[in-house]
Amino acid sequence: MNTPAPLSEETARPLGPLPVGHPRVEARKVGVLLVNLGTPDATDFRSMRRYLREFLSDRRVIETPRAIWLPILYGIVLNTRPGRVGKAYQTIWNKDLDESYLRTYTRNQSDRLAEALGDHPTVKVDWAMRYGQPSIADKLEALKAAGCDRIVLFPLYPQYAAATTATVNDKAFQALMKMRWQPALRTVPPYHDDPAYIEAIAASIEAHLATLDWEPEIVLSSFHGIPQSYFDKGDPYHCHCMKTARLVRERLGWSKERFMPTFQSRFGPEEWLQPYTDKTVEKLAKEGVKRIAVINPGFVSDCLETLEEIAGEAAEIFHHNGGEHFTHIPCLNDSTGGMDVIEAVVRRELQGWV
Ligand SMILES: C=CC1=C(C)c2cc3[nH]c(cc4nc(cc5[nH]c(cc1n2)c(C)c5CCC(=O)O)C(CCC(=O)O)=C4C)c(C)c3C=C
Ligand SMILES: [Fe+2]
Ligand SMILES: [Fe+2]
């Protein structure tokens, strides 16, 4: 009777010499891929347009039917927005490295995580962007070529949203569709209520306020918004943001009046999650509040939406309407507190693989 030959050890694990003509097989490793939103390569019109076209063509981001959205995108948005937003990017550009801070911080996070995981020499850490470069597909290919047959995919969003977390996962699985020998992929779940994350945010608020010679009457916890209709369709994002804000507030021992969740970065004419950050800042100033601080717990790294929209625009709105002291509390970025969170989440997701 003919029994099939057992799979050779070398096919799965190159311990001995491979047969002549056999494709090269690397020693098994585990990959960790950090993924953030993305960023333009430069602030000129063409670079901005390329970036915004990719971003705003994503059906997870803009759910408006294509027949309605594409004429608006190509007829209006991509002719007007690249110039305006390019100017905004120029004001927050990392001039030393000629790149956006989002890119600088994401790369630093990857480098620092690789150092922190030095006790696992078979783990390879890298980073990618959902829109623009370096792409998720290229980085998954590179990790696979380096021998990673298991990859932890980490969308850098504490709160889950289809427009952020799900689109990163979609893009990664799309890349896997082209591979004959796919790596196993683990996607990191949201960590909006993880004690390490809550502690890092609360501690960063305390540390920042300790540097001031004034005390804010109110601290706003400003999250990126999503259209209200996405929430109505079942996106858990709003609940995740509210839970993060509550846990941070409880950890600080503050009242609901002192620490308030708000939502920023509206796009388009639809209603978005409320209360809006800009309107709240204006209202507080008009009501006579003189000193406020704003933190952005949903942003792992400072970017256009935190540096320009909050530290720049929101501060201006506050001062213009009678406010006196405004401070933006930086994102965790590549700080020790921020890296502790990323490391804790990654170590948990690596369990059973290292
Ligand atoms: C309908 C449009 C958008 C949704 C939904 C949306 C959700 C969303 N975005 C982030 C995080 C970031 N967004 C950033 C920039 C940005 N966001 C939108 C639109 C939507 N975002 C646009 C058009 C832009 C580009 C700038 C602009 O044209 O105004 C950024 C900053 C990127 C950078 O390079 O600095 C981040 C980060 C989250 C977390 C989120 C949903 C939860
Ligand atoms: Fe956004
Ligand atoms: Fe809810």
# chains A, B, ... in the order shown; residues from 1 in each chain; ligands from 1
call {"tool": "residues_near_ligand", "arguments": {"ligand": "ligand 1", "cutoff": "7 Å", "atoms": "only C-alpha atoms and all ligand atoms", "output": "list of chain:residue names"}}
result
A:Leu37, A:Gly38, A:Thr39, A:Pro40, A:Leu52, A:Leu56, A:Val61, A:Ile62, A:Arg81, A:Val85, A:Ser100, A:Leu102, A:Tyr157, A:Ala161, A:Ala163, A:Thr164, A:His224, A:Gly225, A:Ile226, A:Pro227, A:Tyr237, A:Ser265, A:Phe267, A:Gly298, A:Phe299, A:Cys303, A:Leu304, A:Glu305
call {"tool": "residues_around", "arguments": {"residues": "range 195-210 of chain A", "least_positions_apart": "4", "cutoff": "10 Å", "atoms": "only C-alpha atoms", "output": "PDB file with C-alpha atoms, in the first residue's frame"}}
result
ATOM      1  CA  PRO A 158      -7.247  52.830  21.536  1.00  0.00           C
ATOM      2  CA  TYR A 191      -7.560  48.979  24.433  1.00  0.00           C
ATOM      3  CA  TRP A 214      -2.048  78.154  36.795  1.00  0.00           C
ATOM      4  CA  GLU A 215      -4.729  75.520  37.258  1.00  0.00           C
ATOM      5  CA  PRO A 216      -7.394  74.772  34.632  1.00  0.00           C
ATOM      6  CA  VAL A 219     -10.093  69.836  31.196  1.00  0.00           C
ATOM      7  CA  THR A 244     -12.035  56.000  28.384  1.00  0.00           C
ATOM      8  CA  ALA A 245     -13.073  59.464  29.597  1.00  0.00           C
ATOM      9  CA  ARG A 246     -14.952  58.034  32.590  1.00  0.00           C
ATOM     10  CA  LEU A 247     -12.067  55.786  33.655  1.00  0.00           C
ATOM     11  CA  VAL A 248      -9.520  58.597  33.359  1.00  0.00           C
ATOM     12  CA  ARG A 249     -11.808  60.923  35.320  1.00  0.00           C
ATOM     13  CA  GLU A 250     -12.324  58.317  38.052  1.00  0.00           C
ATOM     14  CA  ARG A 251      -8.572  57.681  38.249  1.00  0.00           C
ATOM     15  CA  LEU A 252      -8.015  61.454  38.678  1.00  0.00           C
ATOM     16  CA  ALA A 293      -6.680  72.388  29.223  1.00  0.00           C
ATOM     17  CA  VAL A 294      -7.377  69.961  26.369  1.00  0.00           C
ATOM     18  CA  ILE A 295      -6.085  66.405  26.049  1.00  0.00           C
ATOM     19  CA  ASN A 296      -6.558  64.071  23.033  1.00  0.00           C
ATOM     20  CA  PRO A 297      -6.602  60.558  24.520  1.00  0.00           C
ATOM     21  CA  GLY A 298      -7.686  58.906  21.248  1.00  0.00           C
ATOM     22  CA  THR A 327      -2.938  74.528  27.297  1.00  0.00           C
ATOM     23  CA  HIS A 328      -2.789  71.456  25.081  1.00  0.00           C
ATOM     24  CA  ILE A 329      -1.594  68.317  26.838  1.00  0.00           C
ATOM     25  CA  PRO A 330       0.634  66.429  24.385  1.00  0.00           C
ATOM     26  CA  CYS A 331      -0.246  62.941  23.178  1.00  0.00           C
ATOM     27  CA  LEU A 332       1.692  60.047  24.676  1.00  0.00           C
ATOM     28  CA  SER A 335       7.271  59.009  25.804  1.00  0.00           C
ATOM     29  CA  THR A 336       8.117  56.364  28.390  1.00  0.00           C
ATOM     30  CA  GLY A 337       4.465  56.344  29.536  1.00  0.00           C
ATOM     31  CA  GLY A 338       3.255  55.905  25.964  1.00  0.00           C
ATOM     32  CA  MET A 339       5.756  53.144  25.240  1.00  0.00           C
ATOM     33  CA  ASP A 340       4.702  51.311  28.406  1.00  0.00           C
ATOM     34  CA  VAL A 341       1.167  51.130  26.986  1.00  0.00           C
ATOM     35  CA  ILE A 342       2.256  49.901  23.542  1.00  0.00           C
ATOM     36  CA  GLU A 343       4.617  47.355  25.100  1.00  0.00           C
ATOM     37  CA  ALA A 344       1.965  46.053  27.538  1.00  0.00           C
ATOM     38  CA  VAL A 345      -0.580  45.567  24.744  1.00  0.00           C
TER      39      VAL A 345
END
call {"tool": "residues_near_ligand", "arguments": {"ligand": "ligand 3", "cutoff": "9 Å", "atoms": "only C-alpha atoms and all ligand atoms", "output": "PyMOL selection string"}}
result
chain A and resi 231+236-243
call {"tool": "residues_around", "arguments": {"residues": "Gln182 in chain A", "least_positions_apart": "2", "cutoff": "12 Å", "atoms": "only C-alpha atoms", "output": "JSON, numbers by chain"}}
result
{"A": [140, 141, 143, 144, 145, 147, 148, 149, 150, 151, 172, 173, 174, 175, 176, 177, 178, 179, 180, 184, 185]}
call {"tool": "closest_residue", "arguments": {"among": "A:Thr43, A:Gly322, A:Ala116, A:Leu220", "to": "Thr277 in chain A", "atoms": "only C-alpha atoms"}}
result
A:Leu220
call {"tool": "residues_around", "arguments": {"residues": "Glu313 in chain A", "least_positions_apart": "5", "cutoff": "12 Å", "atoms": "only C-alpha atoms", "output": "mmCIF file with N, CA and C atoms, in the first residue's frame"}}
result
data_model
loop_
_atom_site.group_PDB
_atom_site.id
_atom_site.type_symbol
_atom_site.label_atom_id
_atom_site.label_comp_id
_atom_site.auth_asym_id
_atom_site.auth_seq_id
_atom_site.Cartn_x
_atom_site.Cartn_y
_atom_site.Cartn_z
ATOM 1 N N ALA A 88 -1.978 74.128 6.379
ATOM 2 C CA ALA A 88 -2.101 73.761 7.799
ATOM 3 C C ALA A 88 -0.972 72.792 8.186
ATOM 4 N N THR A 91 2.384 74.342 9.034
ATOM 5 C CA THR A 91 2.558 74.970 10.360
ATOM 6 C C THR A 91 2.968 73.950 11.422
ATOM 7 N N GLN A 264 -14.061 66.308 18.006
ATOM 8 C CA GLN A 264 -13.484 67.313 17.103
ATOM 9 C C GLN A 264 -13.435 66.816 15.660
ATOM 10 N N SER A 265 -12.829 67.619 14.788
ATOM 11 C CA SER A 265 -12.488 67.264 13.395
ATOM 12 C C SER A 265 -13.685 66.893 12.530
ATOM 13 N N THR A 277 -15.955 69.926 20.049
ATOM 14 C CA THR A 277 -14.881 70.559 20.829
ATOM 15 C C THR A 277 -14.839 72.074 20.600
ATOM 16 N N ASP A 278 -14.855 72.490 19.318
ATOM 17 C CA ASP A 278 -14.703 73.936 19.051
ATOM 18 C C ASP A 278 -15.858 74.743 19.644
ATOM 19 N N LYS A 279 -17.078 74.198 19.503
ATOM 20 C CA LYS A 279 -18.248 74.908 20.054
ATOM 21 C C LYS A 279 -18.181 74.954 21.590
ATOM 22 N N VAL A 281 -15.450 74.901 23.475
ATOM 23 C CA VAL A 281 -14.402 75.858 23.861
ATOM 24 C C VAL A 281 -14.951 77.287 23.792
ATOM 25 N N GLU A 282 -15.668 77.573 22.712
ATOM 26 C CA GLU A 282 -16.245 78.911 22.529
ATOM 27 C C GLU A 282 -17.272 79.205 23.631
ATOM 28 N N LEU A 304 -1.750 66.543 12.798
ATOM 29 C CA LEU A 304 -2.464 67.751 12.380
ATOM 30 C C LEU A 304 -3.654 68.040 13.295
ATOM 31 N N GLU A 305 -4.404 66.983 13.628
ATOM 32 C CA GLU A 305 -5.647 67.162 14.379
ATOM 33 C C GLU A 305 -5.420 67.616 15.827
ATOM 34 N N THR A 306 -4.254 67.373 16.350
ATOM 35 C CA THR A 306 -3.991 67.798 17.736
ATOM 36 C C THR A 306 -3.175 69.095 17.748
ATOM 37 N N LEU A 307 -2.142 69.158 16.911
ATOM 38 C CA LEU A 307 -1.229 70.310 16.952
ATOM 39 C C LEU A 307 -1.838 71.550 16.309
ATOM 40 N N GLU A 308 -2.512 71.345 15.185
ATOM 41 C CA GLU A 308 -3.061 72.509 14.482
ATOM 42 C C GLU A 308 -4.482 72.805 14.954
ATOM 43 N N PHE A 318 -10.609 80.079 22.012
ATOM 44 C CA PHE A 318 -10.759 80.337 23.451
ATOM 45 C C PHE A 318 -10.333 81.771 23.787
ATOM 46 N N HIS A 319 -9.172 82.153 23.301
ATOM 47 C CA HIS A 319 -8.669 83.497 23.593
ATOM 48 C C HIS A 319 -9.555 84.576 22.964
ATOM 49 N N HIS A 320 -9.998 84.320 21.745
ATOM 50 C CA HIS A 320 -10.828 85.280 21.017
ATOM 51 C C HIS A 320 -12.135 85.573 21.756
ATOM 52 N N PHE A 326 -4.886 78.755 28.067
ATOM 53 C CA PHE A 326 -5.240 77.532 27.338
ATOM 54 C C PHE A 326 -3.981 76.688 27.243
ATOM 55 N N THR A 327 -4.096 75.394 27.519
ATOM 56 C CA THR A 327 -2.938 74.528 27.297
ATOM 57 C C THR A 327 -3.373 73.229 26.647
ATOM 58 N N HIS A 328 -2.551 72.765 25.713
ATOM 59 C CA HIS A 328 -2.789 71.456 25.081
ATOM 60 C C HIS A 328 -1.846 70.456 25.728
#
call {"tool": "atom_distance", "arguments": {"atom1": "CA of Phe223 in chain A", "atom2": "CA of Pro261 in chain A"}}
result
7.4 Å
call {"tool": "closest_residue", "arguments": {"among": "A:Asp41, A:Pro155, A:Asp193, A:Val35", "to": "Ser135 in chain A", "atoms": "only C-alpha atoms"}}
result
A:Val35
call {"tool": "select_by_dssp", "arguments": {"residues": "range 100-152 of chain A", "states": "strand (DSSP E or B)", "output": "ChimeraX atom specification"}}
result
/A:100,123-131,135,148-152
call {"tool": "residues_around", "arguments": {"residues": "Glu217 in chain A", "least_positions_apart": "2", "cutoff": "7 Å", "atoms": "only C-alpha atoms", "output": "JSON list (two decimals) with C-alpha atoms, in the first residue's frame"}}
result
[["chain", "number", "residue", "atom", "x", "y", "z"],
["A", 215, "GLU", "CA", -4.73, 75.52, 37.26],
["A", 258, "ARG", "CA", -14.16, 69.31, 35.55],
["A", 291, "ARG", "CA", -8.48, 78.62, 32.17],
["A", 292, "ILE", "CA", -8.83, 75.32, 30.29]]
call {"tool": "decode", "arguments": {"residues": "range 36-151 of chain A", "atoms": "C-alpha atoms", "output": "PDB file, in the first residue's frame"}}
result
ATOM      1  CA  ASN A  36      -1.179  54.478  12.151  1.00  0.00           C
ATOM      2  CA  LEU A  37      -3.426  56.512   9.894  1.00  0.00           C
ATOM      3  CA  GLY A  38      -1.014  58.025   7.421  1.00  0.00           C
ATOM      4  CA  THR A  39       0.302  61.261   6.350  1.00  0.00           C
ATOM      5  CA  PRO A  40       1.270  63.107   3.172  1.00  0.00           C
ATOM      6  CA  ASP A  41       4.871  62.800   1.923  1.00  0.00           C
ATOM      7  CA  ALA A  42       5.085  66.592   1.622  1.00  0.00           C
ATOM      8  CA  THR A  43       2.853  69.641   1.970  1.00  0.00           C
ATOM      9  CA  ASP A  44       2.696  70.658  -1.713  1.00  0.00           C
ATOM     10  CA  PHE A  45      -0.598  70.454  -3.591  1.00  0.00           C
ATOM     11  CA  ARG A  46       0.209  67.246  -5.494  1.00  0.00           C
ATOM     12  CA  SER A  47       1.390  65.314  -2.435  1.00  0.00           C
ATOM     13  CA  MET A  48      -1.595  66.505  -0.419  1.00  0.00           C
ATOM     14  CA  ARG A  49      -4.000  65.582  -3.218  1.00  0.00           C
ATOM     15  CA  ARG A  50      -2.494  62.083  -3.587  1.00  0.00           C
ATOM     16  CA  TYR A  51      -2.820  61.495   0.145  1.00  0.00           C
ATOM     17  CA  LEU A  52      -6.356  62.885   0.455  1.00  0.00           C
ATOM     18  CA  ARG A  53      -7.510  60.990  -2.637  1.00  0.00           C
ATOM     19  CA  GLU A  54      -6.455  57.666  -1.130  1.00  0.00           C
ATOM     20  CA  PHE A  55      -7.838  58.567   2.311  1.00  0.00           C
ATOM     21  CA  LEU A  56     -11.175  59.952   1.162  1.00  0.00           C
ATOM     22  CA  SER A  57     -11.761  57.146  -1.363  1.00  0.00           C
ATOM     23  CA  ASP A  58     -11.877  54.630   1.482  1.00  0.00           C
ATOM     24  CA  ARG A  59     -15.454  53.352   1.859  1.00  0.00           C
ATOM     25  CA  ARG A  60     -14.827  52.754   5.549  1.00  0.00           C
ATOM     26  CA  VAL A  61     -14.137  56.479   5.960  1.00  0.00           C
ATOM     27  CA  ILE A  62     -16.789  57.945   3.655  1.00  0.00           C
ATOM     28  CA  GLU A  63     -19.891  55.771   3.631  1.00  0.00           C
ATOM     29  CA  THR A  64     -21.861  58.076   1.307  1.00  0.00           C
ATOM     30  CA  PRO A  65     -22.962  56.145  -1.846  1.00  0.00           C
ATOM     31  CA  ARG A  66     -20.210  56.371  -4.522  1.00  0.00           C
ATOM     32  CA  ALA A  67     -22.546  57.912  -7.109  1.00  0.00           C
ATOM     33  CA  ILE A  68     -23.015  60.876  -4.785  1.00  0.00           C
ATOM     34  CA  TRP A  69     -19.563  61.034  -3.179  1.00  0.00           C
ATOM     35  CA  LEU A  70     -17.188  60.618  -6.145  1.00  0.00           C
ATOM     36  CA  PRO A  71     -18.423  63.706  -8.065  1.00  0.00           C
ATOM     37  CA  ILE A  72     -18.062  65.741  -4.844  1.00  0.00           C
ATOM     38  CA  LEU A  73     -14.607  64.262  -4.142  1.00  0.00           C
ATOM     39  CA  TYR A  74     -13.210  64.833  -7.645  1.00  0.00           C
ATOM     40  CA  GLY A  75     -15.236  67.954  -8.467  1.00  0.00           C
ATOM     41  CA  ILE A  76     -14.770  69.924  -5.251  1.00  0.00           C
ATOM     42  CA  VAL A  77     -12.789  68.341  -2.391  1.00  0.00           C
ATOM     43  CA  LEU A  78      -9.632  67.359  -4.313  1.00  0.00           C
ATOM     44  CA  ASN A  79      -9.477  70.778  -5.973  1.00  0.00           C
ATOM     45  CA  THR A  80      -9.847  72.873  -2.847  1.00  0.00           C
ATOM     46  CA  ARG A  81      -8.788  70.893   0.217  1.00  0.00           C
ATOM     47  CA  PRO A  82      -5.175  69.957  -0.750  1.00  0.00           C
ATOM     48  CA  GLY A  83      -4.110  73.619  -0.889  1.00  0.00           C
ATOM     49  CA  ARG A  84      -5.824  74.614   2.344  1.00  0.00           C
ATOM     50  CA  VAL A  85      -4.803  71.542   4.354  1.00  0.00           C
ATOM     51  CA  GLY A  86      -1.263  71.674   2.905  1.00  0.00           C
ATOM     52  CA  LYS A  87      -0.874  75.126   4.471  1.00  0.00           C
ATOM     53  CA  ALA A  88      -2.101  73.761   7.799  1.00  0.00           C
ATOM     54  CA  TYR A  89       0.414  70.887   7.596  1.00  0.00           C
ATOM     55  CA  GLN A  90       3.212  73.407   6.956  1.00  0.00           C
ATOM     56  CA  THR A  91       2.558  74.970  10.360  1.00  0.00           C
ATOM     57  CA  ILE A  92       3.097  71.646  12.163  1.00  0.00           C
ATOM     58  CA  TRP A  93       5.716  70.027   9.896  1.00  0.00           C
ATOM     59  CA  ASN A  94       8.783  68.461  11.538  1.00  0.00           C
ATOM     60  CA  LYS A  95      11.296  70.663   9.729  1.00  0.00           C
ATOM     61  CA  ASP A  96      14.349  68.803  11.100  1.00  0.00           C
ATOM     62  CA  LEU A  97      13.355  65.577   9.374  1.00  0.00           C
ATOM     63  CA  ASP A  98      11.128  67.086   6.652  1.00  0.00           C
ATOM     64  CA  GLU A  99       8.166  64.909   7.551  1.00  0.00           C
ATOM     65  CA  SER A 100       5.017  65.044   9.657  1.00  0.00           C
ATOM     66  CA  TYR A 101       5.247  64.410  13.391  1.00  0.00           C
ATOM     67  CA  LEU A 102       2.857  61.498  13.023  1.00  0.00           C
ATOM     68  CA  ARG A 103       5.477  59.796  10.885  1.00  0.00           C
ATOM     69  CA  THR A 104       8.333  60.711  13.241  1.00  0.00           C
ATOM     70  CA  TYR A 105       6.517  59.429  16.320  1.00  0.00           C
ATOM     71  CA  THR A 106       5.266  56.228  14.678  1.00  0.00           C
ATOM     72  CA  ARG A 107       8.801  55.333  13.559  1.00  0.00           C
ATOM     73  CA  ASN A 108      10.185  56.161  17.013  1.00  0.00           C
ATOM     74  CA  GLN A 109       7.497  53.991  18.630  1.00  0.00           C
ATOM     75  CA  SER A 110       8.527  51.089  16.410  1.00  0.00           C
ATOM     76  CA  ASP A 111      12.246  51.566  17.195  1.00  0.00           C
ATOM     77  CA  ARG A 112      11.623  51.873  20.928  1.00  0.00           C
ATOM     78  CA  LEU A 113       9.323  48.846  20.980  1.00  0.00           C
ATOM     79  CA  ALA A 114      11.986  46.782  19.187  1.00  0.00           C
ATOM     80  CA  GLU A 115      14.463  47.743  21.930  1.00  0.00           C
ATOM     81  CA  ALA A 116      11.954  46.955  24.686  1.00  0.00           C
ATOM     82  CA  LEU A 117      11.325  43.507  23.220  1.00  0.00           C
ATOM     83  CA  GLY A 118      15.048  42.728  23.168  1.00  0.00           C
ATOM     84  CA  ASP A 119      14.364  39.710  25.391  1.00  0.00           C
ATOM     85  CA  HIS A 120      12.615  38.095  22.381  1.00  0.00           C
ATOM     86  CA  PRO A 121      15.261  37.939  19.621  1.00  0.00           C
ATOM     87  CA  THR A 122      12.871  36.173  17.246  1.00  0.00           C
ATOM     88  CA  VAL A 123      10.437  39.129  17.277  1.00  0.00           C
ATOM     89  CA  LYS A 124      10.765  41.697  14.482  1.00  0.00           C
ATOM     90  CA  VAL A 125       9.029  45.066  14.907  1.00  0.00           C
ATOM     91  CA  ASP A 126       8.111  47.420  12.056  1.00  0.00           C
ATOM     92  CA  TRP A 127       5.616  50.169  11.231  1.00  0.00           C
ATOM     93  CA  ALA A 128       3.332  51.183   8.371  1.00  0.00           C
ATOM     94  CA  MET A 129       0.656  53.688   7.429  1.00  0.00           C
ATOM     95  CA  ARG A 130      -2.895  52.932   6.268  1.00  0.00           C
ATOM     96  CA  TYR A 131      -2.674  55.749   3.692  1.00  0.00           C
ATOM     97  CA  GLY A 132       0.552  56.797   1.993  1.00  0.00           C
ATOM     98  CA  GLN A 133       3.941  55.300   2.742  1.00  0.00           C
ATOM     99  CA  PRO A 134       5.245  52.920   4.021  1.00  0.00           C
ATOM    100  CA  SER A 135       2.308  50.762   3.004  1.00  0.00           C
ATOM    101  CA  ILE A 136       0.860  47.876   4.993  1.00  0.00           C
ATOM    102  CA  ALA A 137       1.255  45.499   2.022  1.00  0.00           C
ATOM    103  CA  ASP A 138       4.982  46.297   1.598  1.00  0.00           C
ATOM    104  CA  LYS A 139       5.670  45.870   5.297  1.00  0.00           C
ATOM    105  CA  LEU A 140       3.763  42.576   5.552  1.00  0.00           C
ATOM    106  CA  GLU A 141       5.762  41.295   2.559  1.00  0.00           C
ATOM    107  CA  ALA A 142       9.017  42.401   4.192  1.00  0.00           C
ATOM    108  CA  LEU A 143       8.157  40.739   7.503  1.00  0.00           C
ATOM    109  CA  LYS A 144       7.210  37.546   5.689  1.00  0.00           C
ATOM    110  CA  ALA A 145      10.439  37.622   3.672  1.00  0.00           C
ATOM    111  CA  ALA A 146      12.340  37.981   6.951  1.00  0.00           C
ATOM    112  CA  GLY A 147      10.784  34.709   8.141  1.00  0.00           C
ATOM    113  CA  CYS A 148       7.770  35.932  10.148  1.00  0.00           C
ATOM    114  CA  ASP A 149       5.102  33.265   9.849  1.00  0.00           C
ATOM    115  CA  ARG A 150       3.028  34.890  12.607  1.00  0.00           C
ATOM    116  CA  ILE A 151       2.331  38.636  12.690  1.00  0.00           C
TER     117      ILE A 151
END
